[in-house]
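File shown: data.cif. Contents: mmCIF, C-alpha atoms.
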data_coords
loop_
_atom_site.group_PDB
_atom_site.id
_atom_site.type_symbol
_atom_site.label_atom_id
_atom_site.label_comp_id
_atom_site.auth_asym_id
_atom_site.auth_seq_id
_atom_site.Cartn_x
_atom_site.Cartn_y
_atom_site.Cartn_z
ATOM 1 C CA MET Q 19 0.000 0.000 0.000
ATOM 2 C CA ASP Q 20 2.814 2.380 0.898
ATOM 3 C CA LEU Q 21 4.483 1.520 -2.403
ATOM 4 C CA LEU Q 22 1.374 2.573 -4.325
ATOM 5 C CA ARG Q 23 1.287 5.854 -2.435
ATOM 6 C CA ARG Q 24 4.907 6.536 -3.337
ATOM 7 C CA GLU Q 25 4.605 5.539 -7.020
ATOM 8 C CA ARG Q 26 1.550 7.665 -7.813
ATOM 9 C CA PRO Q 27 3.216 11.036 -7.013
ATOM 10 C CA ARG Q 28 6.288 9.970 -9.019
ATOM 11 C CA ALA Q 29 4.127 9.190 -12.072
ATOM 12 C CA THR Q 30 2.357 12.512 -11.678
ATOM 13 C CA ARG Q 31 5.673 14.363 -11.456
ATOM 14 C CA ARG Q 32 6.986 12.580 -14.564
ATOM 15 C CA ALA Q 33 3.867 13.509 -16.557
ATOM 16 C CA PHE Q 34 4.133 17.120 -15.407
ATOM 17 C CA ALA Q 35 7.818 17.240 -16.343
ATOM 18 C CA ALA Q 36 7.056 15.915 -19.820
ATOM 19 C CA ILE Q 37 4.417 18.600 -20.362
ATOM 20 C CA VAL Q 38 6.802 21.339 -19.201
ATOM 21 C CA ALA Q 39 9.523 20.037 -21.539
ATOM 22 C CA SER Q 40 7.133 20.037 -24.508
ATOM 23 C CA VAL Q 41 5.973 23.570 -23.785
ATOM 24 C CA SER Q 42 9.569 24.746 -23.376
ATOM 25 C CA LEU Q 43 10.587 23.256 -26.721
ATOM 26 C CA ALA Q 44 7.633 24.926 -28.430
ATOM 27 C CA LEU Q 45 8.601 28.279 -26.905
ATOM 28 C CA VAL Q 46 12.226 27.875 -27.995
ATOM 29 C CA MET Q 47 11.093 27.111 -31.549
ATOM 30 C CA ALA Q 48 8.596 29.975 -31.619
ATOM 31 C CA GLY Q 49 11.127 32.421 -30.226
ATOM 32 C CA CYS Q 50 13.448 31.984 -33.198
ATOM 33 C CA SER Q 51 10.888 31.341 -35.949
ATOM 34 C CA GLN Q 52 10.705 34.049 -38.568
ATOM 35 C CA PRO Q 53 7.237 35.338 -39.472
ATOM 36 C CA ARG Q 54 5.854 35.091 -42.976
ATOM 37 C CA VAL Q 55 6.696 38.191 -44.954
ATOM 38 C CA ASP Q 56 5.607 39.379 -48.349
ATOM 39 C CA PRO Q 57 8.054 38.312 -51.016
ATOM 40 C CA GLN Q 58 9.417 41.102 -53.150
ATOM 41 C CA GLU Q 59 6.042 41.693 -54.747
ATOM 42 C CA TYR Q 60 6.793 45.248 -55.817
ATOM 43 C CA ASP Q 61 10.462 44.841 -56.617
ATOM 44 C CA PRO Q 62 10.851 46.080 -60.260
ATOM 45 C CA TYR Q 63 12.761 42.968 -61.291
ATOM 46 C CA THR Q 64 10.101 40.701 -59.806
ATOM 47 C CA VAL Q 65 7.271 42.671 -61.418
ATOM 48 C CA ALA Q 66 8.988 42.309 -64.794
ATOM 49 C CA GLN Q 67 9.512 38.554 -64.285
ATOM 50 C CA ARG Q 68 5.878 38.088 -63.331
ATOM 51 C CA ALA Q 69 4.699 40.000 -66.396
ATOM 52 C CA ASP Q 70 7.003 37.945 -68.604
ATOM 53 C CA ALA Q 71 5.669 34.678 -67.144
ATOM 54 C CA ALA Q 72 2.076 35.818 -67.702
ATOM 55 C CA ALA Q 73 2.731 36.870 -71.295
ATOM 56 C CA ALA Q 74 4.605 33.651 -72.083
ATOM 57 C CA ALA Q 75 1.767 31.519 -70.683
ATOM 58 C CA ASP Q 76 -0.896 33.345 -72.681
ATOM 59 C CA GLN Q 77 1.176 33.111 -75.836
ATOM 60 C CA VAL Q 78 1.943 29.387 -75.608
ATOM 61 C CA LEU Q 79 -1.608 28.439 -74.621
ATOM 62 C CA ALA Q 80 -3.089 30.449 -77.484
ATOM 63 C CA ARG Q 81 -0.637 28.707 -79.785
ATOM 64 C CA ALA Q 82 -1.493 25.249 -78.453
ATOM 65 C CA ALA Q 83 -5.264 25.696 -78.237
ATOM 66 C CA GLU Q 84 -7.323 24.359 -81.112
ATOM 67 C CA GLY Q 85 -11.034 25.035 -80.913
ATOM 68 C CA THR Q 86 -13.260 27.068 -78.624
ATOM 69 C CA VAL Q 87 -11.768 28.061 -75.267
ATOM 70 C CA LEU Q 88 -14.423 27.242 -72.658
ATOM 71 C CA ALA Q 89 -12.705 28.346 -69.437
ATOM 72 C CA THR Q 90 -9.357 29.562 -68.118
ATOM 73 C CA GLN Q 91 -7.609 29.494 -64.758
ATOM 74 C CA VAL Q 92 -4.648 31.408 -63.342
ATOM 75 C CA THR Q 93 -2.931 30.537 -60.067
ATOM 76 C CA ASP Q 94 -0.059 32.819 -59.061
ATOM 77 C CA VAL Q 95 1.287 32.080 -55.590
ATOM 78 C CA CYS Q 96 4.435 32.558 -53.527
ATOM 79 C CA SER Q 97 5.446 29.860 -51.068
ATOM 80 C CA PRO Q 98 7.936 30.206 -48.188
ATOM 81 C CA GLY Q 99 10.690 27.661 -47.783
ATOM 82 C CA GLN Q 100 11.574 25.789 -44.618
ATOM 83 C CA LYS Q 101 14.879 25.840 -42.812
ATOM 84 C CA ASN Q 102 15.424 23.745 -39.732
ATOM 85 C CA TRP Q 103 17.521 20.874 -38.479
ATOM 86 C CA TRP Q 104 15.862 18.207 -40.669
ATOM 87 C CA VAL Q 105 14.977 20.037 -43.893
ATOM 88 C CA GLN Q 106 16.195 23.071 -45.802
ATOM 89 C CA ASP Q 107 14.485 24.098 -49.012
ATOM 90 C CA LEU Q 108 16.585 25.522 -51.801
ATOM 91 C CA SER Q 109 14.902 28.932 -51.542
ATOM 92 C CA ALA Q 110 13.407 31.038 -48.793
ATOM 93 C CA TRP Q 111 10.625 32.096 -51.171
ATOM 94 C CA THR Q 112 9.505 30.803 -54.558
ATOM 95 C CA CYS Q 113 6.768 32.336 -56.706
ATOM 96 C CA THR Q 114 5.092 30.280 -59.434
ATOM 97 C CA ARG Q 115 2.456 31.157 -62.005
ATOM 98 C CA SER Q 116 0.310 28.371 -63.468
ATOM 99 C CA SER Q 117 -2.284 28.741 -66.224
ATOM 100 C CA ARG Q 118 -4.840 26.257 -67.555
ATOM 101 C CA TRP Q 119 -7.221 26.474 -70.495
ATOM 102 C CA VAL Q 120 -10.110 24.123 -71.215
ATOM 103 C CA VAL Q 121 -10.735 23.770 -74.949
ATOM 104 C CA ALA Q 122 -13.557 21.957 -76.728
ATOM 105 C CA ALA Q 123 -12.185 18.984 -78.677
ATOM 106 C CA GLY Q 124 -12.837 18.902 -82.398
ATOM 107 C CA SER Q 125 -14.063 15.289 -82.339
ATOM 108 C CA ASP Q 126 -16.241 13.236 -80.024
ATOM 109 C CA ASP Q 127 -14.039 10.203 -80.715
ATOM 110 C CA PRO Q 128 -11.155 10.208 -78.196
ATOM 111 C CA GLY Q 129 -8.800 8.391 -80.561
ATOM 112 C CA GLN Q 130 -9.414 10.967 -83.272
ATOM 113 C CA ALA Q 131 -9.186 13.864 -80.806
ATOM 114 C CA ILE Q 132 -5.787 12.635 -79.618
ATOM 115 C CA ALA Q 133 -4.513 12.253 -83.191
ATOM 116 C CA ASP Q 134 -5.878 15.668 -84.183
ATOM 117 C CA TYR Q 135 -4.182 17.367 -81.245
ATOM 118 C CA ARG Q 136 -0.864 15.712 -81.964
ATOM 119 C CA ALA Q 137 -1.081 16.984 -85.552
ATOM 120 C CA HIS Q 138 -2.107 20.476 -84.431
ATOM 121 C CA LEU Q 139 0.800 20.809 -81.983
ATOM 122 C CA THR Q 140 3.248 19.665 -84.638
ATOM 123 C CA GLU Q 141 1.851 22.169 -87.160
ATOM 124 C CA ALA Q 142 2.123 24.894 -84.509
ATOM 125 C CA GLY Q 143 5.867 24.206 -84.251
ATOM 126 C CA CYS Q 144 5.687 22.502 -80.858
ATOM 127 C CA THR Q 145 7.550 19.297 -80.025
ATOM 128 C CA VAL Q 146 5.347 16.456 -78.845
ATOM 129 C CA ASP Q 147 6.813 14.316 -76.077
ATOM 130 C CA GLU Q 148 6.703 10.919 -77.740
ATOM 131 C CA ALA Q 149 6.856 8.958 -74.487
ATOM 132 C CA THR Q 150 3.787 10.568 -72.927
ATOM 133 C CA PHE Q 151 1.756 11.040 -76.108
ATOM 134 C CA GLY Q 152 2.593 7.502 -77.175
ATOM 135 C CA MET Q 153 1.366 6.217 -73.829
ATOM 136 C CA VAL Q 154 -1.945 8.075 -74.171
ATOM 137 C CA GLU Q 155 -2.436 6.675 -77.679
ATOM 138 C CA ARG Q 156 -1.497 3.151 -76.609
ATOM 139 C CA TYR Q 157 -3.728 3.180 -73.524
ATOM 140 C CA TRP Q 158 -6.728 4.303 -75.542
ATOM 141 C CA ALA Q 159 -6.100 1.727 -78.262
ATOM 142 C CA ASP Q 160 -5.598 -1.081 -75.730
ATOM 143 C CA TYR Q 161 -8.215 -0.204 -73.117
ATOM 144 C CA GLY Q 162 -10.380 2.705 -74.216
ATOM 145 C CA VAL Q 163 -11.650 1.133 -77.412
ATOM 146 C CA ALA Q 164 -12.512 -2.013 -75.509
ATOM 147 C CA GLY Q 165 -13.989 0.072 -72.709
ATOM 148 C CA GLN Q 166 -12.265 -1.906 -69.985
ATOM 149 C CA ASN Q 167 -8.907 -2.696 -68.449
ATOM 150 C CA ALA Q 168 -7.325 -6.112 -68.785
ATOM 151 C CA ASN Q 169 -8.888 -7.002 -65.404
ATOM 152 C CA GLY Q 170 -12.348 -6.058 -66.655
ATOM 153 C CA ASP Q 171 -12.683 -2.731 -64.810
ATOM 154 C CA PRO Q 172 -14.369 0.033 -66.872
ATOM 155 C CA TYR Q 173 -12.031 2.354 -68.770
ATOM 156 C CA THR Q 174 -12.999 5.774 -70.148
ATOM 157 C CA VAL Q 175 -11.238 8.793 -71.567
ATOM 158 C CA ASP Q 176 -11.113 10.238 -68.027
ATOM 159 C CA ASP Q 177 -8.774 7.395 -67.047
ATOM 160 C CA LEU Q 178 -6.153 8.380 -69.617
ATOM 161 C CA PRO Q 179 -2.806 9.719 -68.346
ATOM 162 C CA SER Q 180 -1.710 13.215 -69.341
ATOM 163 C CA ALA Q 181 0.589 13.964 -72.255
ATOM 164 C CA SER Q 182 3.155 16.733 -72.623
ATOM 165 C CA ALA Q 183 4.766 18.883 -75.279
ATOM 166 C CA SER Q 184 7.164 21.821 -75.494
ATOM 167 C CA CYS Q 185 6.641 24.986 -77.465
ATOM 168 C CA ASP Q 186 10.007 26.707 -77.645
ATOM 169 C CA SER Q 187 11.062 26.929 -73.985
ATOM 170 C CA GLU Q 188 7.578 26.518 -72.514
ATOM 171 C CA GLN Q 189 6.370 23.126 -71.267
ATOM 172 C CA LEU Q 190 2.749 22.072 -71.729
ATOM 173 C CA GLY Q 191 0.624 19.486 -69.981
ATOM 174 C CA ILE Q 192 -2.260 18.083 -72.046
ATOM 175 C CA ALA Q 193 -5.176 15.989 -70.796
ATOM 176 C CA PHE Q 194 -8.169 14.608 -72.691
ATOM 177 C CA ARG Q 195 -11.319 14.539 -70.557
ATOM 178 C CA THR Q 196 -15.090 14.684 -70.484
ATOM 179 C CA PRO Q 197 -16.482 18.040 -69.223
ATOM 180 C CA GLY Q 198 -17.767 16.487 -66.008
ATOM 181 C CA ASP Q 199 -14.310 15.265 -65.028
ATOM 182 C CA VAL Q 200 -12.658 18.698 -65.228
ATOM 183 C CA GLU Q 201 -11.808 20.095 -61.802
ATOM 184 C CA THR Q 202 -10.537 23.403 -60.528
ATOM 185 C CA SER Q 203 -7.916 23.696 -57.796
ATOM 186 C CA ALA Q 204 -7.552 26.489 -55.278
ATOM 187 C CA PRO Q 205 -4.372 27.712 -53.560
ATOM 188 C CA SER Q 206 -3.970 27.532 -49.811
ATOM 189 C CA PRO Q 207 -3.828 31.028 -48.265
ATOM 190 C CA ALA Q 208 -2.740 29.427 -44.988
ATOM 191 C CA SER Q 209 0.566 28.271 -46.493
ATOM 192 C CA GLN Q 210 0.946 30.467 -49.581
ATOM 193 C CA ARG Q 211 0.722 34.122 -50.463
ATOM 194 C CA VAL Q 212 -1.811 34.440 -53.281
ATOM 195 C CA VAL Q 213 -0.760 37.037 -55.850
ATOM 196 C CA GLU Q 214 -3.504 36.231 -58.372
ATOM 197 C CA TYR Q 215 -6.129 33.520 -58.631
ATOM 198 C CA SER Q 216 -9.098 32.893 -60.926
ATOM 199 C CA ALA Q 217 -10.872 29.539 -60.869
ATOM 200 C CA LEU Q 218 -12.101 27.567 -63.851
ATOM 201 C CA ASP Q 219 -15.738 28.260 -64.683
ATOM 202 C CA LEU Q 220 -16.909 24.656 -64.472
ATOM 203 C CA ASP Q 221 -20.510 25.639 -65.227
ATOM 204 C CA ALA Q 222 -19.413 27.112 -68.545
ATOM 205 C CA VAL Q 223 -17.514 23.912 -69.345
ATOM 206 C CA ASN Q 224 -20.545 21.739 -68.606
ATOM 207 C CA ARG Q 225 -22.983 24.060 -70.415
ATOM 208 C CA SER Q 226 -20.867 23.935 -73.562
ATOM 209 C CA GLY Q 227 -22.279 20.576 -74.572
ATOM 210 C CA ALA Q 228 -18.846 19.463 -75.788
ATOM 211 C CA PRO Q 229 -18.564 15.670 -75.512
ATOM 212 C CA LEU Q 230 -14.798 15.912 -75.019
ATOM 213 C CA VAL Q 231 -12.446 18.669 -73.881
ATOM 214 C CA VAL Q 232 -8.699 19.171 -73.874
ATOM 215 C CA VAL Q 233 -7.154 20.664 -70.732
ATOM 216 C CA ILE Q 234 -3.839 22.357 -71.500
ATOM 217 C CA GLY Q 235 -1.647 24.020 -68.919
ATOM 218 C CA THR Q 236 1.734 25.536 -68.322
ATOM 219 C CA SER Q 237 3.630 26.652 -65.221
ATOM 220 C CA ARG Q 238 6.705 28.767 -64.534
ATOM 221 C CA SER Q 239 8.600 29.658 -61.358
ATOM 222 C CA TYR Q 240 9.450 33.282 -62.039
ATOM 223 C CA HIS Q 241 10.829 34.510 -58.722
ATOM 224 C CA SER Q 242 13.074 33.012 -56.083
ATOM 225 C CA VAL Q 243 14.654 34.498 -52.965
ATOM 226 C CA SER Q 244 17.682 32.794 -51.435
ATOM 227 C CA TRP Q 245 18.187 32.433 -47.705
ATOM 228 C CA ASP Q 246 20.634 35.362 -47.689
ATOM 229 C CA GLY Q 247 17.922 37.594 -49.171
ATOM 230 C CA SER Q 248 19.255 37.832 -52.725
ATOM 231 C CA ILE Q 249 16.831 37.563 -55.632
ATOM 232 C CA SER Q 250 17.585 34.838 -58.162
ATOM 233 C CA GLY Q 251 18.438 36.173 -61.605
ATOM 234 C CA LYS Q 252 19.238 39.701 -60.508
ATOM 235 C CA ASP Q 253 22.510 41.250 -61.584
ATOM 236 C CA GLU Q 254 25.221 41.015 -58.949
ATOM 237 C CA ASP Q 255 25.409 44.794 -58.786
ATOM 238 C CA ALA Q 256 21.689 45.151 -58.160
ATOM 239 C CA GLU Q 257 20.500 45.818 -54.634
ATOM 240 C CA GLU Q 258 19.657 42.710 -52.649
ATOM 241 C CA SER Q 259 16.326 42.241 -50.953
ATOM 242 C CA ASP Q 260 16.021 43.845 -47.537
ATOM 243 C CA LEU Q 261 13.189 41.490 -46.557
ATOM 244 C CA PRO Q 262 13.833 38.522 -44.257
ATOM 245 C CA PRO Q 263 13.325 34.992 -45.591
ATOM 246 C CA GLY Q 264 10.317 32.736 -45.023
ATOM 247 C CA TRP Q 265 10.550 30.181 -42.211
ATOM 248 C CA CYS Q 266 13.513 29.560 -39.955
ATOM 249 C CA ALA Q 267 13.350 27.552 -36.733
ATOM 250 C CA CYS Q 268 16.078 26.957 -34.154
ATOM 251 C CA TYR Q 269 16.116 24.225 -31.554
ATOM 252 C CA SER Q 270 17.595 24.184 -28.087
ATOM 253 C CA GLY Q 271 21.080 22.697 -28.070
ATOM 254 C CA SER Q 272 21.602 23.124 -31.834
ATOM 255 C CA LYS Q 273 23.459 25.749 -33.824
ATOM 256 C CA CYS Q 274 21.102 28.565 -34.790
ATOM 257 C CA ASP Q 275 21.707 30.305 -38.126
ATOM 258 C CA CYS Q 276 18.396 32.159 -38.244
ATOM 259 C CA PRO Q 277 18.612 35.876 -38.991
ATOM 260 C CA GLY Q 278 19.122 37.613 -35.668
ATOM 261 C CA GLY Q 279 20.504 34.483 -33.955
#

Output the structure of this file as structure tokens.
Amino acid sequence: MDLLRRERPRATRRAFAAIVASVSLALVMAGCSQPRVDPQEYDPYTVAQRADAAAAADQVLARAAEGTVLATQVTDVCSPGQKNWWVQDLSAWTCTRSSRWVVAAGSDDPGQAIADYRAHLTEAGCTVDEATFGMVERYWADYGVAGQNANGDPYTVDDLPSASASCDSEQLGIAFRTPGDVETSAPSPASQRVVEYSALDLDAVNRSGAPLVVVIGTSRSYHSVSWDGSISGKDEDAEESDLPPGWCACYSGSKCDCPGG
């Protein structure tokens, strides 16, 4: 009985000590964590890079699109990097602009639509990625025409993998889908700074009556800030950023290289 009386306070003290240690570690981490800051949104070099990325996306998508454009989407976000004892991203901040267009396919036959788009991209001076386009063509011939996988599961155009192509220096992703399978994706304001965002108008896609659509997209990282605050691509003589980097956490007992110690 006396043993039980002695052991219970010890267990209570151990639990309390563990809680205190956890809280202390959290406070140490929070004390040296850097807050999220706006990336160099108004830096002239960054503004020019963003404009160039936007113009390049519009140009390559207009070049690659064949048929009526049903909906468009732009997602321009900046994401902070992480820097701690187990992971360090290459950049403190990275900004990326992604654009997607949904285009009505010229044929309601997926096999013909795939062949037509391959021919159109080639005529437009783009280079089709043979590995990915060949896979799309092979999958449709092997499974789509039959309407089922080798194991008997149903197979439709929405099950096809995506293809890719390059138009000059811009990379394109190409997917053949039914209108009902097209989805829009939203950025996460909790973990990203949203510079610009416009969602796909899915109602317009579905109202179009197109039996098949082609979803084409391109993406470019146009702005990067290193952990010392310098902006990637800027001339060496240009002024470096005076903004602190994204996330930096220090831990008790480890070397701390966060700005400010």

What are the centre and edge lengths in Å, to one decimal, of the axis-aligned box around all listed atoms of region 126-135 of chain Q with 8 Å added on each side, as JSON?
{"center_x": -10.2, "center_y": 12.9, "center_z": -81.2, "size_x": 28.1, "size_y": 25.0, "size_z": 22.0}

I need the residue set behind the PyMOL selection byres ((chain Q and resi 104-111) around 8) for this file; please write it as a list in words.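 Going through the file, the PyMOL selection byres ((chain Q and resi 104-111) around 8) ends up selecting Pro57, Cys96, Ser97, Pro98, Gly99, Gln100, Lys101, Asn102, Trp103, Thr112, Cys113, His241, Ser242, Val243, Ser244, Trp245, Gly247, Pro263, Gly264 and Trp265 of chain Q.
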
Considering only C-alpha atoms, state which residue in the set Q:Asp127, Q:Tyr215, Q:Cys144, Q:Trp119 is at the smallest distance from Ala89 (chain Q).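 Answer, going by the shortest atom-to-atom distance: Q:Trp119.
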
Within 8 Å of Ile234 (chain Q), counting all atoms listed in the file, which residues qualify if same-chain residues fewer than 5 places away don't, as a PyMOL selection string? chain Q and resi 79+82-83+118-121+190-193

Using all atoms listed in the file and a cutoff of 10 Å, can you tell me which residues are near (4.3, 26.1, -80.7) in the file's coordinates, and write them out as a list in words?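 Using all atoms listed in the file, the matching residues come out as Gln77, Val78, Leu79, Ala80, Arg81, Ala82, Ala83, His138, Leu139, Thr140, Glu141, Ala142, Gly143, Cys144, Thr145, Val146, Ala183, Ser184, Cys185, Asp186, Ser187, Glu188 and Leu190 of chain Q.
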
Apply the PyMOL selection byres ((chain Q and resi 175) around 8) to the structure shown and report the selected residues as a ChimeraX atom specification. /Q:128,158,162,173-174,176-178,194-196

Target residues per the PyMOL selection byres ((chain Q and resi 129) around 10), formatted as a PyMOL selection string: chain Q and resi 125-128+130-134+154-156+158-159+162-163+175

Could you please determine the separation between CA of Gln67 (chain Q) and CA of Thr93 (chain Q) in Å, to one decimal place?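 Spanning CA of Gln67 (chain Q) to CA of Thr93 (chain Q) is a straight-line distance of 15.4 Å.
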
Rounded to one decimal, what separation in Å do you get between CA of Asp61 (chain Q) and CA of Ile249 (chain Q)? 9.7 Å
